[in-house]
$ cat model-v8.cif   # mmCIF, C-alpha atoms
data_model
loop_
_atom_site.group_PDB
_atom_site.id
_atom_site.type_symbol
_atom_site.label_atom_id
_atom_site.label_comp_id
_atom_site.auth_asym_id
_atom_site.auth_seq_id
_atom_site.Cartn_x
_atom_site.Cartn_y
_atom_site.Cartn_z
ATOM 1 C CA MET O 1493 37.730 108.750 173.309
ATOM 2 C CA ASN O 1494 35.599 106.005 174.823
ATOM 3 C CA LEU O 1495 31.885 105.875 174.059
ATOM 4 C CA LEU O 1496 30.741 106.405 177.645
ATOM 5 C CA ASN O 1497 32.691 109.634 178.046
ATOM 6 C CA SER O 1498 31.491 110.818 174.655
ATOM 7 C CA ARG O 1499 27.853 110.262 175.609
ATOM 8 C CA ILE O 1500 28.380 112.116 178.874
ATOM 9 C CA LYS O 1501 29.936 115.093 177.072
ATOM 10 C CA ASN O 1502 27.063 115.242 174.623
ATOM 11 C CA MET O 1503 24.623 115.106 177.530
ATOM 12 C CA ILE O 1504 26.422 117.944 179.327
ATOM 13 C CA VAL O 1505 26.364 120.216 176.277
ATOM 14 C CA GLU O 1506 22.757 119.330 175.514
ATOM 15 C CA ARG O 1507 21.385 119.689 179.035
ATOM 16 C CA LEU O 1508 23.196 122.899 179.853
ATOM 17 C CA PHE O 1509 22.669 124.414 176.398
ATOM 18 C CA LEU O 1510 26.420 125.078 176.256
ATOM 19 C CA PRO O 1511 27.773 126.748 173.108
ATOM 20 C CA VAL O 1512 30.767 124.403 172.899
ATOM 21 C CA ASP O 1513 31.817 121.341 170.961
ATOM 22 C CA PRO O 1514 31.351 118.301 173.214
ATOM 23 C CA ASN O 1515 34.707 116.992 172.055
ATOM 24 C CA ALA O 1516 36.344 120.113 173.480
ATOM 25 C CA ILE O 1517 35.503 119.039 177.023
ATOM 26 C CA ALA O 1518 38.528 117.365 178.593
ATOM 27 C CA ASP O 1519 37.946 114.128 180.467
ATOM 28 C CA ASP O 1520 39.635 115.362 183.626
ATOM 29 C CA ALA O 1521 38.863 119.090 183.537
ATOM 30 C CA SER O 1522 36.892 120.539 186.421
ATOM 31 C CA LEU O 1523 33.389 121.126 185.084
ATOM 32 C CA MET O 1524 32.552 123.366 188.013
ATOM 33 C CA GLU O 1525 35.412 125.739 187.289
ATOM 34 C CA THR O 1526 35.465 125.548 183.495
ATOM 35 C CA TYR O 1527 31.734 125.993 182.925
ATOM 36 C CA ASP O 1528 30.797 127.830 186.111
ATOM 37 C CA ILE O 1529 28.327 125.141 187.099
ATOM 38 C CA ASP O 1530 25.938 126.086 189.879
ATOM 39 C CA SER O 1531 23.490 123.928 191.803
ATOM 40 C CA VAL O 1532 20.800 124.368 189.130
ATOM 41 C CA ALA O 1533 23.136 123.173 186.381
ATOM 42 C CA LEU O 1534 24.382 120.358 188.583
ATOM 43 C CA PHE O 1535 20.817 119.221 189.133
ATOM 44 C CA GLU O 1536 20.316 119.186 185.350
ATOM 45 C CA LEU O 1537 23.352 116.919 185.036
ATOM 46 C CA VAL O 1538 21.919 114.488 187.575
ATOM 47 C CA VAL O 1539 18.602 114.386 185.730
ATOM 48 C CA GLY O 1540 20.470 114.089 182.439
ATOM 49 C CA LEU O 1541 22.572 111.144 183.638
ATOM 50 C CA GLU O 1542 19.470 109.355 184.903
ATOM 51 C CA ALA O 1543 17.687 109.831 181.599
ATOM 52 C CA GLU O 1544 20.629 109.106 179.315
ATOM 53 C CA PHE O 1545 21.787 105.962 181.076
ATOM 54 C CA ASP O 1546 18.523 104.745 182.623
ATOM 55 C CA ILE O 1547 19.947 104.841 186.117
ATOM 56 C CA SER O 1548 18.401 106.131 189.312
ATOM 57 C CA MET O 1549 20.186 108.035 192.039
ATOM 58 C CA GLU O 1550 18.839 108.348 195.543
ATOM 59 C CA ASP O 1551 19.303 111.682 197.233
ATOM 60 C CA MET O 1552 21.477 110.091 199.914
ATOM 61 C CA GLU O 1553 23.944 109.007 197.215
ATOM 62 C CA PHE O 1554 24.707 112.511 195.995
ATOM 63 C CA SER O 1555 28.236 113.842 196.197
ATOM 64 C CA PRO O 1556 29.589 116.825 194.214
ATOM 65 C CA ALA O 1557 32.798 114.865 193.642
ATOM 66 C CA ASN O 1558 30.883 112.488 191.371
ATOM 67 C CA PHE O 1559 30.183 115.389 189.018
ATOM 68 C CA GLU O 1560 33.530 117.175 189.172
ATOM 69 C CA THR O 1561 34.824 115.794 185.869
ATOM 70 C CA VAL O 1562 33.652 113.684 182.941
ATOM 71 C CA ASN O 1563 35.799 110.835 184.219
ATOM 72 C CA ALA O 1564 34.135 111.055 187.641
ATOM 73 C CA MET O 1565 30.688 110.979 186.073
ATOM 74 C CA ALA O 1566 31.698 108.005 183.932
ATOM 75 C CA ALA O 1567 32.833 106.153 187.040
ATOM 76 C CA LEU O 1568 29.504 106.921 188.697
ATOM 77 C CA VAL O 1569 27.561 105.621 185.699
ATOM 78 C CA GLU O 1570 29.595 102.428 185.579
ATOM 79 C CA SER O 1571 29.065 101.950 189.308
ATOM 80 C CA LYS O 1572 25.294 102.467 189.034
ATOM 81 C CA GLN O 1573 25.030 100.178 186.014
ATOM 82 C CA GLY O 1574 27.020 97.574 187.901
ATOM 83 C CA GLU O 1575 24.443 97.611 190.689
ATOM 84 C CA GLY O 1576 21.798 96.434 188.273
ATOM 85 C CA SER O 1577 23.745 93.539 186.804
ATOM 86 C CA MET R 1293 -9.341 142.334 182.118
ATOM 87 C CA LEU R 1294 -7.275 141.260 185.111
ATOM 88 C CA GLU R 1295 -8.919 140.626 188.458
ATOM 89 C CA PRO R 1296 -7.178 139.455 191.619
ATOM 90 C CA LEU R 1297 -9.663 137.501 193.704
ATOM 91 C CA PHE R 1298 -10.182 135.180 196.624
ATOM 92 C CA PHE R 1299 -12.470 132.176 196.403
ATOM 93 C CA PRO R 1300 -13.447 129.492 198.899
ATOM 94 C CA SER R 1301 -12.098 125.977 199.060
ATOM 95 C CA GLY R 1302 -13.593 124.341 202.097
ATOM 96 C CA GLU R 1303 -13.086 126.730 204.987
ATOM 97 C CA LEU R 1304 -10.106 128.471 203.390
ATOM 98 C CA GLN R 1305 -9.830 131.327 200.942
ATOM 99 C CA LEU R 1306 -7.560 130.796 197.950
ATOM 100 C CA PHE R 1307 -5.940 133.552 195.960
ATOM 101 C CA GLY R 1308 -6.087 133.658 192.191
ATOM 102 C CA ILE R 1309 -5.644 135.936 189.219
ATOM 103 C CA TRP R 1310 -8.554 135.882 186.814
ATOM 104 C CA ARG R 1311 -7.714 136.999 183.288
ATOM 105 C CA ALA R 1312 -10.821 137.358 181.209
ATOM 106 C CA ALA R 1313 -10.953 137.462 177.435
ATOM 107 C CA ASN R 1314 -13.990 138.886 175.698
ATOM 108 C CA ASN R 1315 -16.549 136.255 174.680
ATOM 109 C CA ALA R 1316 -14.183 133.456 175.643
ATOM 110 C CA LYS R 1317 -15.302 130.012 174.540
ATOM 111 C CA HIS R 1318 -12.501 128.345 176.461
ATOM 112 C CA VAL R 1319 -11.414 128.954 180.027
ATOM 113 C CA TRP R 1320 -8.441 127.416 181.791
ATOM 114 C CA VAL R 1321 -7.561 126.682 185.373
ATOM 115 C CA ILE R 1322 -3.786 126.935 185.679
ATOM 116 C CA CYS R 1323 -2.428 124.388 188.144
ATOM 117 C CA PRO R 1324 1.053 125.367 189.351
ATOM 118 C CA PRO R 1325 3.935 123.063 190.235
ATOM 119 C CA PHE R 1326 5.279 122.232 193.670
ATOM 120 C CA ALA R 1327 7.207 124.348 196.186
ATOM 121 C CA GLU R 1328 10.462 125.745 194.767
ATOM 122 C CA GLU R 1329 9.391 124.761 191.279
ATOM 123 C CA GLU R 1330 6.391 127.075 191.555
ATOM 124 C CA LYS R 1331 8.642 129.981 192.448
ATOM 125 C CA SER R 1332 10.807 129.403 189.395
ATOM 126 C CA ALA R 1333 7.804 128.830 187.126
ATOM 127 C CA HIS R 1334 5.614 131.670 188.372
ATOM 128 C CA ARG R 1335 6.522 134.255 185.760
ATOM 129 C CA THR R 1336 6.310 131.743 182.936
ATOM 130 C CA LEU R 1337 2.841 130.728 184.127
ATOM 131 C CA THR R 1338 1.854 134.391 184.046
ATOM 132 C CA GLU R 1339 3.190 134.591 180.487
ATOM 133 C CA ILE R 1340 1.096 131.549 179.623
ATOM 134 C CA ALA R 1341 -2.008 133.214 181.062
ATOM 135 C CA LEU R 1342 -1.304 136.334 179.016
ATOM 136 C CA ALA R 1343 -0.813 134.247 175.872
ATOM 137 C CA LEU R 1344 -4.120 132.485 176.480
ATOM 138 C CA GLN R 1345 -5.840 135.816 176.950
ATOM 139 C CA ALA R 1346 -4.298 137.106 173.729
ATOM 140 C CA ARG R 1347 -5.861 134.210 171.838
ATOM 141 C CA GLY R 1348 -9.260 134.881 173.373
ATOM 142 C CA GLU R 1349 -9.236 132.389 176.250
ATOM 143 C CA SER R 1350 -9.754 133.215 179.910
ATOM 144 C CA SER R 1351 -7.819 131.705 182.797
ATOM 145 C CA LEU R 1352 -7.613 131.485 186.553
ATOM 146 C CA PHE R 1353 -4.055 131.170 187.868
ATOM 147 C CA PHE R 1354 -4.406 130.308 191.531
ATOM 148 C CA SER R 1355 -2.324 129.218 194.501
ATOM 149 C CA TYR R 1356 -3.022 126.005 196.394
ATOM 150 C CA ARG R 1357 -3.764 126.296 200.095
ATOM 151 C CA GLY R 1358 -0.624 126.926 202.103
ATOM 152 C CA THR R 1359 1.142 128.527 199.129
ATOM 153 C CA GLY R 1360 1.346 132.038 197.731
ATOM 154 C CA ASP R 1361 -1.279 134.358 199.169
ATOM 155 C CA SER R 1362 -3.816 131.592 199.759
ATOM 156 C CA GLU R 1363 -4.816 130.752 203.291
ATOM 157 C CA GLY R 1364 -3.601 127.674 205.094
ATOM 158 C CA ASP R 1365 -0.293 126.235 206.212
ATOM 159 C CA PHE R 1366 1.930 124.350 203.815
ATOM 160 C CA ALA R 1367 2.821 121.910 206.588
ATOM 161 C CA ASP R 1368 -0.839 120.878 206.882
ATOM 162 C CA ALA R 1369 -1.559 120.594 203.145
ATOM 163 C CA THR R 1370 -2.050 117.323 201.308
ATOM 164 C CA LEU R 1371 -2.470 116.306 197.682
ATOM 165 C CA THR R 1372 -6.095 115.540 198.510
ATOM 166 C CA ASP R 1373 -6.494 119.149 199.660
ATOM 167 C CA TRP R 1374 -4.848 120.512 196.528
ATOM 168 C CA ARG R 1375 -7.093 118.382 194.328
ATOM 169 C CA ALA R 1376 -10.034 119.896 196.202
ATOM 170 C CA ASP R 1377 -8.527 123.324 195.524
ATOM 171 C CA ILE R 1378 -8.478 122.580 191.790
ATOM 172 C CA ALA R 1379 -12.109 121.521 192.015
ATOM 173 C CA ALA R 1380 -12.912 124.795 193.778
ATOM 174 C CA ALA R 1381 -11.096 126.759 191.067
ATOM 175 C CA VAL R 1382 -13.050 124.894 188.384
ATOM 176 C CA ALA R 1383 -16.283 125.826 190.155
ATOM 177 C CA VAL R 1384 -15.254 129.488 190.115
ATOM 178 C CA VAL R 1385 -14.501 129.610 186.409
ATOM 179 C CA GLY R 1386 -17.605 127.555 185.618
ATOM 180 C CA ALA R 1387 -19.745 130.082 187.450
ATOM 181 C CA ARG R 1388 -18.074 133.017 185.730
ATOM 182 C CA VAL R 1389 -18.301 131.654 182.197
ATOM 183 C CA PRO R 1390 -21.080 129.052 182.279
ATOM 184 C CA ASP R 1391 -21.043 128.309 178.562
ATOM 185 C CA ALA R 1392 -17.299 127.992 178.129
ATOM 186 C CA GLU R 1393 -15.380 124.749 177.855
ATOM 187 C CA ILE R 1394 -13.151 124.264 180.876
ATOM 188 C CA GLY R 1395 -9.564 123.125 180.521
ATOM 189 C CA LEU R 1396 -6.922 122.269 183.087
ATOM 190 C CA LEU R 1397 -3.384 123.422 182.335
ATOM 191 C CA GLY R 1398 -0.788 122.089 184.733
ATOM 192 C CA VAL R 1399 2.956 122.102 185.104
ATOM 193 C CA ARG R 1400 4.875 119.269 186.809
ATOM 194 C CA LEU R 1401 2.951 118.276 189.968
ATOM 195 C CA GLY R 1402 0.195 120.635 188.857
ATOM 196 C CA ALA R 1403 -0.101 118.604 185.658
ATOM 197 C CA SER R 1404 -0.346 115.380 187.658
ATOM 198 C CA LEU R 1405 -3.098 116.825 189.854
ATOM 199 C CA ALA R 1406 -4.871 118.176 186.766
ATOM 200 C CA TYR R 1407 -4.888 114.688 185.308
ATOM 201 C CA LEU R 1408 -6.292 113.261 188.548
ATOM 202 C CA GLU R 1409 -9.079 115.880 188.373
ATOM 203 C CA ARG R 1410 -9.611 115.286 184.649
ATOM 204 C CA GLU R 1411 -13.322 114.549 184.962
ATOM 205 C CA ARG R 1412 -13.917 118.220 185.737
ATOM 206 C CA ALA R 1413 -12.581 119.414 182.380
ATOM 207 C CA SER R 1414 -12.987 118.768 178.692
ATOM 208 C CA ARG R 1415 -9.383 119.616 177.842
ATOM 209 C CA LEU R 1416 -6.031 118.961 179.454
ATOM 210 C CA LEU R 1417 -2.676 120.536 178.720
ATOM 211 C CA LEU R 1418 -0.112 118.721 180.832
ATOM 212 C CA ILE R 1419 3.405 120.143 180.828
ATOM 213 C CA GLU R 1420 5.941 117.613 182.137
ATOM 214 C CA PRO R 1421 3.596 115.845 184.551
ATOM 215 C CA ILE R 1422 5.224 114.089 187.487
ATOM 216 C CA LEU R 1423 4.699 110.383 186.861
ATOM 217 C CA ALA R 1424 6.271 109.140 190.095
ATOM 218 C CA GLY R 1425 6.026 111.321 193.176
ATOM 219 C CA ARG R 1426 8.691 109.356 194.984
ATOM 220 C CA ALA R 1427 11.236 110.164 192.269
ATOM 221 C CA MET R 1428 10.299 113.847 192.444
ATOM 222 C CA LEU R 1429 10.835 113.918 196.195
ATOM 223 C CA SER R 1430 14.189 112.217 195.816
ATOM 224 C CA GLN R 1431 15.275 114.738 193.179
ATOM 225 C CA LEU R 1432 14.158 117.699 195.281
ATOM 226 C CA ASN R 1433 15.997 116.333 198.302
ATOM 227 C CA MET R 1434 19.062 115.878 196.134
ATOM 228 C CA ARG R 1435 18.838 119.443 194.881
ATOM 229 C CA GLN R 1436 18.689 120.655 198.456
ATOM 230 C CA LYS R 1437 21.794 118.655 199.292
ATOM 231 C CA MET R 1438 23.536 120.150 196.255
ATOM 232 C CA ARG R 1439 22.818 123.682 197.345
ATOM 233 C CA VAL R 1440 24.034 123.030 200.853
ATOM 234 C CA SER R 1441 27.101 121.183 199.624
ATOM 235 C CA MET R 1442 28.092 123.794 197.024
ATOM 236 C CA ALA R 1443 27.652 126.545 199.591
ATOM 237 C CA GLY R 1444 30.248 124.791 201.710
ATOM 238 C CA GLY R 1445 27.764 123.667 204.317
ATOM 239 C CA GLY R 1446 27.967 120.300 205.934
ATOM 240 C CA ALA R 1447 25.285 120.626 208.558
ATOM 241 C CA ALA R 1448 22.583 118.004 208.717
ATOM 242 C CA LEU R 1449 19.383 119.072 207.010
ATOM 243 C CA PRO R 1450 16.405 119.430 209.332
ATOM 244 C CA ALA R 1451 13.990 116.517 209.245
ATOM 245 C CA GLY R 1452 10.803 117.209 207.315
ATOM 246 C CA ASP R 1453 12.321 120.204 205.541
ATOM 247 C CA LEU R 1454 12.272 120.250 201.754
ATOM 248 C CA ASP R 1455 14.318 123.209 200.591
ATOM 249 C CA GLY R 1456 12.752 125.388 203.248
ATOM 250 C CA TRP R 1457 9.264 123.962 202.818
ATOM 251 C CA PRO R 1458 7.873 122.096 205.840
ATOM 252 C CA LEU R 1459 6.730 118.831 204.329
ATOM 253 C CA GLY R 1460 3.965 117.236 206.384
ATOM 254 C CA GLU R 1461 3.853 113.480 206.810
ATOM 255 C CA ASN R 1462 0.545 113.125 205.002
ATOM 256 C CA LEU R 1463 1.792 115.095 201.997
ATOM 257 C CA ARG R 1464 4.994 113.073 201.936
ATOM 258 C CA ASP R 1465 3.026 109.830 202.037
ATOM 259 C CA GLU R 1466 0.719 110.959 199.235
ATOM 260 C CA LEU R 1467 3.646 112.084 197.101
ATOM 261 C CA ASN R 1468 5.410 108.774 197.630
ATOM 262 C CA ALA R 1469 2.241 106.987 196.563
ATOM 263 C CA LEU R 1470 1.641 109.152 193.493
ATOM 264 C CA ASP R 1471 2.180 106.985 190.421
ATOM 265 C CA LEU R 1472 0.746 107.759 186.999
ATOM 266 C CA ARG R 1473 2.742 105.155 185.114
ATOM 267 C CA ASP R 1474 -0.227 102.813 184.755
ATOM 268 C CA THR R 1475 -3.298 104.855 184.086
ATOM 269 C CA VAL R 1476 -6.423 105.106 181.960
ATOM 270 C CA LYS R 1477 -7.614 106.833 178.808
ATOM 271 C CA TYR R 1478 -8.972 110.370 179.029
ATOM 272 C CA GLU R 1479 -12.146 111.003 177.097
ATOM 273 C CA GLY R 1480 -11.511 114.695 176.397
ATOM 274 C CA GLU R 1481 -8.785 116.389 174.377
ATOM 275 C CA ALA R 1482 -5.375 116.111 175.966
ATOM 276 C CA GLN R 1483 -1.846 117.175 175.188
ATOM 277 C CA VAL R 1484 1.319 116.207 177.013
ATOM 278 C CA TRP R 1485 4.321 118.458 176.532
ATOM 279 C CA ASN R 1486 7.945 117.554 177.176
ATOM 280 C CA VAL R 1487 10.242 120.478 177.968
ATOM 281 C CA GLY R 1488 13.957 119.886 177.597
ATOM 282 C CA PRO R 1489 17.006 119.951 175.373
ATOM 283 C CA ARG R 1490 15.852 117.400 172.800
ATOM 284 C CA ASP R 1491 13.286 117.745 170.059
ATOM 285 C CA ALA R 1492 11.769 114.457 171.158
ATOM 286 C CA VAL R 1493 9.397 113.314 173.855
ATOM 287 C CA ALA R 1494 11.023 111.177 176.550
ATOM 288 C CA PRO R 1495 9.782 107.570 176.516
ATOM 289 C CA PRO R 1496 8.110 107.660 179.968
ATOM 290 C CA LEU R 1497 6.081 110.733 179.022
ATOM 291 C CA GLN R 1498 5.269 109.242 175.619
ATOM 292 C CA ASN R 1499 4.036 106.053 177.299
ATOM 293 C CA PHE R 1500 1.869 108.094 179.658
ATOM 294 C CA ALA R 1501 0.475 110.115 176.764
ATOM 295 C CA ASP R 1502 -0.270 106.954 174.801
ATOM 296 C CA GLN R 1503 -2.145 105.497 177.758
ATOM 297 C CA ILE R 1504 -4.373 108.518 178.231
ATOM 298 C CA GLY R 1505 -4.785 109.133 174.501
ATOM 299 C CA ALA R 1506 -2.974 112.476 174.433
ATOM 300 C CA LYS R 1507 -1.060 114.157 171.666
ATOM 301 C CA THR R 1508 2.543 114.943 172.531
ATOM 302 C CA ARG R 1509 4.909 117.760 171.779
ATOM 303 C CA ALA R 1510 8.555 118.443 172.561
ATOM 304 C CA ILE R 1511 9.392 121.991 173.586
ATOM 305 C CA VAL R 1512 13.109 122.676 173.226
ATOM 306 C CA MET R 1513 14.057 125.005 176.067
ATOM 307 C CA PRO R 1514 15.494 124.740 179.576
ATOM 308 C CA ALA R 1515 13.303 123.306 182.332
ATOM 309 C CA PHE R 1516 11.921 126.655 183.477
ATOM 310 C CA TRP R 1517 10.719 125.254 186.825
ATOM 311 C CA ASN R 1518 14.333 124.614 187.841
ATOM 312 C CA LEU R 1519 15.883 127.930 186.863
ATOM 313 C CA LEU R 1520 16.881 130.638 189.304
ATOM 314 C CA ASP R 1521 16.847 133.322 186.623
ATOM 315 C CA TYR R 1522 14.006 134.046 184.240
ATOM 316 C CA THR R 1523 14.434 132.832 180.690
ATOM 317 C CA PRO R 1524 11.829 134.054 178.179
ATOM 318 C CA PRO R 1525 9.759 130.946 177.386
ATOM 319 C CA VAL R 1526 9.548 131.723 173.680
ATOM 320 C CA PRO R 1527 9.290 128.130 172.382
ATOM 321 C CA LEU R 1528 6.594 127.356 174.963
ATOM 322 C CA LEU R 1529 4.512 130.384 174.061
ATOM 323 C CA GLU R 1530 4.918 129.682 170.349
ATOM 324 C CA ALA R 1531 3.631 126.178 170.930
ATOM 325 C CA LEU R 1532 0.726 127.563 172.915
ATOM 326 C CA THR R 1533 -0.408 129.750 170.043
ATOM 327 C CA SER R 1534 -0.725 126.698 167.838
ATOM 328 C CA VAL R 1535 -2.849 124.607 170.217
ATOM 329 C CA SER R 1536 -6.284 124.167 168.722
#

$ encode --input "model-v8.cif" --output "structure tokens"
Amino acid sequence: MNLLNSRIKNMIVERLFLPVDPNAIADDASLMETYDIDSVALFELVVGLEAEFDISMEDMEFSPANFETVNAMAALVESKQGEGS
Amino acid sequence: MLEPLFFPSGELQLFGIWRAANNAKHVWVICPPFAEEEKSAHRTLTEIALALQARGESSLFFSYRGTGDSEGDFADATLTDWRADIAAAVAVVGARVPDAEIGLLGVRLGASLAYLERERASRLLLIEPILAGRAMLSQLNMRQKMRVSMAGGGAALPAGDLDGWPLGENLRDELNALDLRDTVKYEGEAQVWNVGPRDAVAPPLQNFADQIGAKTRAIVMPAFWNLLDYTPPVPLLEALTSVS
């Protein structure tokens, strides 16, 4: 498992207070369906990504697709980090 | 004793709940957070007021103009107005308990406004103060988009609407200008609390606390101002009982 995905999984479990092993989250599983994520939880994930990876998302940039899976979130993080380089 | 009351702030009447403890030496003005966050935090703030009362401290939990049962329109309100409302609340508690030390206890934007009105109090308890108003606005706009998106809606959001709250231009401008990331030391006693999943204070809040000379504390529990359902704020109340 790559480090970025691992950090995202830890952040998800931590932020949502999920009673699961972070390693049990599949990279391409739908987070919305598997963990019944609502808008409140989704907002926590946005705040968590910003804090964990020191990135900033504008409200106009939001798309649910970017938070559908761990892989999608990893792609978003890499894209945001690329903007700053 | 619990007393619902109205008190003046300028030409408006604000609503508050006064909870008096016998022979209280400390009295708090509870400064609520902003808009939807206040709705989610309301019960927890009531629990905080009850906990303060249980430890022999009085409090006034009030609503800013244009919110709750206070007079005024939200669309006309500004941060300047709400700071004046805090000052009016301080005057009320000062008149009721002249010999008591006055503290300001704020959550999120309420904590930021409490800090800005710090000269009126000898103690501050700031729970997750907003350090950059622009970032808060962006997050709240994003949350609104999430709700609309997850509900299957694709309609454009009305201009000036923040999750159903009519955000006036002056308030928007003041929020965008709000920045506590470079501030000054507070001469009274201050605490800054971080609420979240980690038993550690986030660096931006720690930096803010260091600048104002505040002690810090990490409260491990969900961000109660974001929740739709009530979660008993046990860690928060436990921390409150240990504040000197």

$ closest_atom_pairs --input "model-v8.cif" --of "chain O" --to "chain R" --cutoff "12 Å" --atoms "only C-alpha atoms" --output "tab-separated table"
residue	atom	partner	partner_atom	distance
O:Asn1502	CA	R:Pro1489	CA	11.1
O:Met1503	CA	R:Pro1489	CA	9.3
O:Ile1504	CA	R:Pro1489	CA	10.4
O:Val1505	CA	R:Pro1489	CA	9.4
O:Glu1506	CA	R:Pro1489	CA	5.8
O:Arg1507	CA	R:Pro1489	CA	5.7
O:Leu1508	CA	R:Pro1514	CA	7.9
O:Phe1509	CA	R:Pro1489	CA	7.3
O:Leu1510	CA	R:Pro1489	CA	10.8
O:Met1524	CA	R:Met1442	CA	10.1
O:Asp1528	CA	R:Met1442	CA	11.9
O:Ile1529	CA	R:Met1442	CA	10.0
O:Asp1530	CA	R:Met1442	CA	7.8
O:Ser1531	CA	R:Arg1439	CA	5.6
O:Val1532	CA	R:Leu1519	CA	6.5
O:Ala1533	CA	R:Leu1519	CA	8.7
O:Leu1534	CA	R:Met1438	CA	7.7
O:Phe1535	CA	R:Arg1435	CA	6.1
O:Glu1536	CA	R:Asn1518	CA	8.5
O:Leu1537	CA	R:Arg1435	CA	11.1
O:Val1538	CA	R:Gln1431	CA	8.7
O:Val1539	CA	R:Gln1431	CA	8.2
O:Gly1540	CA	R:Pro1489	CA	9.8
O:Glu1542	CA	R:Gln1431	CA	10.7
O:Ala1543	CA	R:Ala1494	CA	8.5
O:Glu1544	CA	R:Ala1494	CA	10.2
O:Asp1546	CA	R:Pro1495	CA	11.0
O:Ile1547	CA	R:Ala1427	CA	11.9
O:Ser1548	CA	R:Ala1427	CA	8.7
O:Met1549	CA	R:Ser1430	CA	8.2
O:Glu1550	CA	R:Ser1430	CA	6.1
O:Asp1551	CA	R:Met1434	CA	4.3
O:Met1552	CA	R:Met1434	CA	7.3
O:Glu1553	CA	R:Met1434	CA	8.5
O:Phe1554	CA	R:Met1434	CA	6.6
O:Ser1555	CA	R:Met1438	CA	7.9
O:Pro1556	CA	R:Met1438	CA	7.2
O:Ala1557	CA	R:Ser1441	CA	10.4
O:Asn1558	CA	R:Met1438	CA	11.7
O:Phe1559	CA	R:Met1438	CA	10.9
O:Glu1560	CA	R:Met1442	CA	11.6

$ residues_around --input "model-v8.cif" --residues "R:Leu1342" --least-positions-apart "6" --cutoff "10 Å" --atoms "all atoms listed in the file" --output "PyMOL selection string"
chain R and resi 1294+1311-1313+1336+1348-1351+1529

$ atom_distance --input "model-v8.cif" --atom1 "atom CA of R:Leu1405" --atom2 "atom CA of R:Asp1521"
26.1 Å

$ atom_distance --input "model-v8.cif" --atom1 "atom CA of R:Phe1366" --atom2 "atom CA of R:Pro1450"
16.3 Å

$ atom_distance --input "model-v8.cif" --atom1 "atom CA of R:Ile1394" --atom2 "atom CA of R:Val1512"
27.4 Å

$ resolve_selection --input "model-v8.cif" --expression "the PyMOL selection byres ((chain R and resi 1480) around 6)" --output "PyMOL selection string"
chain R and resi 1414-1415+1478-1479+1481

$ closest_residue --input "model-v8.cif" --among "R:Ser1355, R:Ser1362, R:Thr1523, R:Gln1305" --to "R:Pro1324" --atoms "only C-alpha atoms"
R:Ser1355

$ resolve_selection --input "model-v8.cif" --expression "the PyMOL selection byres ((chain O and resi 1569) around 10)" --output "list in words"
Leu1496, Ile1500, Leu1541, Glu1542, Phe1545, Asp1546, Ile1547, Ser1548, Asn1558, Asn1563, Ala1564, Met1565, Ala1566, Ala1567, Leu1568, Glu1570, Ser1571, Lys1572, Gln1573, Gly1574 and Glu1575 of chain O

$ closest_residue --input "model-v8.cif" --among "R:Leu1337, R:Ile1422, R:Ala1482, R:Val1319" --to "R:Ala1392" --atoms "only C-alpha atoms"
R:Val1319

$ resolve_selection --input "model-v8.cif" --expression "the PyMOL selection byres ((chain R and resi 1471) around 7)" --output "ChimeraX atom specification"
/R:1423-1425,1469-1470,1472-1473

$ axis_aligned_box --input "model-v8.cif" --around "stretch 1401-1407 of chain R" --padding-each-side "8 Å" --output "JSON"
{"center_x": -1.0, "center_y": 117.7, "center_z": 187.6, "size_x": 23.8, "size_y": 21.9, "size_z": 20.7}

$ residues_around --input "model-v8.cif" --residues "R:Val1385" --least-positions-apart "6" --cutoff "12 Å" --atoms "all atoms listed in the file" --output "ChimeraX atom specification"
/R:1297,1299,1308-1312,1316-1322,1349-1354,1378-1379,1391-1396,1412-1413

$ write_last_selection --input "model-v8.cif" --atoms "C-alpha atoms" --output "compact mmCIF listing (two decimals), keeping the file's coordinate frame"
# COMPACT_ATOMS: atom_id res chain seq x y z
CA LEU R 1297 -9.66 137.50 193.70
CA PHE R 1299 -12.47 132.18 196.40
CA GLY R 1308 -6.09 133.66 192.19
CA ILE R 1309 -5.64 135.94 189.22
CA TRP R 1310 -8.55 135.88 186.81
CA ARG R 1311 -7.71 137.00 183.29
CA ALA R 1312 -10.82 137.36 181.21
CA ALA R 1316 -14.18 133.46 175.64
CA LYS R 1317 -15.30 130.01 174.54
CA HIS R 1318 -12.50 128.34 176.46
CA VAL R 1319 -11.41 128.95 180.03
CA TRP R 1320 -8.44 127.42 181.79
CA VAL R 1321 -7.56 126.68 185.37
CA ILE R 1322 -3.79 126.94 185.68
CA GLU R 1349 -9.24 132.39 176.25
CA SER R 1350 -9.75 133.22 179.91
CA SER R 1351 -7.82 131.71 182.80
CA LEU R 1352 -7.61 131.49 186.55
CA PHE R 1353 -4.06 131.17 187.87
CA PHE R 1354 -4.41 130.31 191.53
CA ILE R 1378 -8.48 122.58 191.79
CA ALA R 1379 -12.11 121.52 192.02
CA ASP R 1391 -21.04 128.31 178.56
CA ALA R 1392 -17.30 127.99 178.13
CA GLU R 1393 -15.38 124.75 177.86
CA ILE R 1394 -13.15 124.26 180.88
CA GLY R 1395 -9.56 123.12 180.52
CA LEU R 1396 -6.92 122.27 183.09
CA ARG R 1412 -13.92 118.22 185.74
CA ALA R 1413 -12.58 119.41 182.38
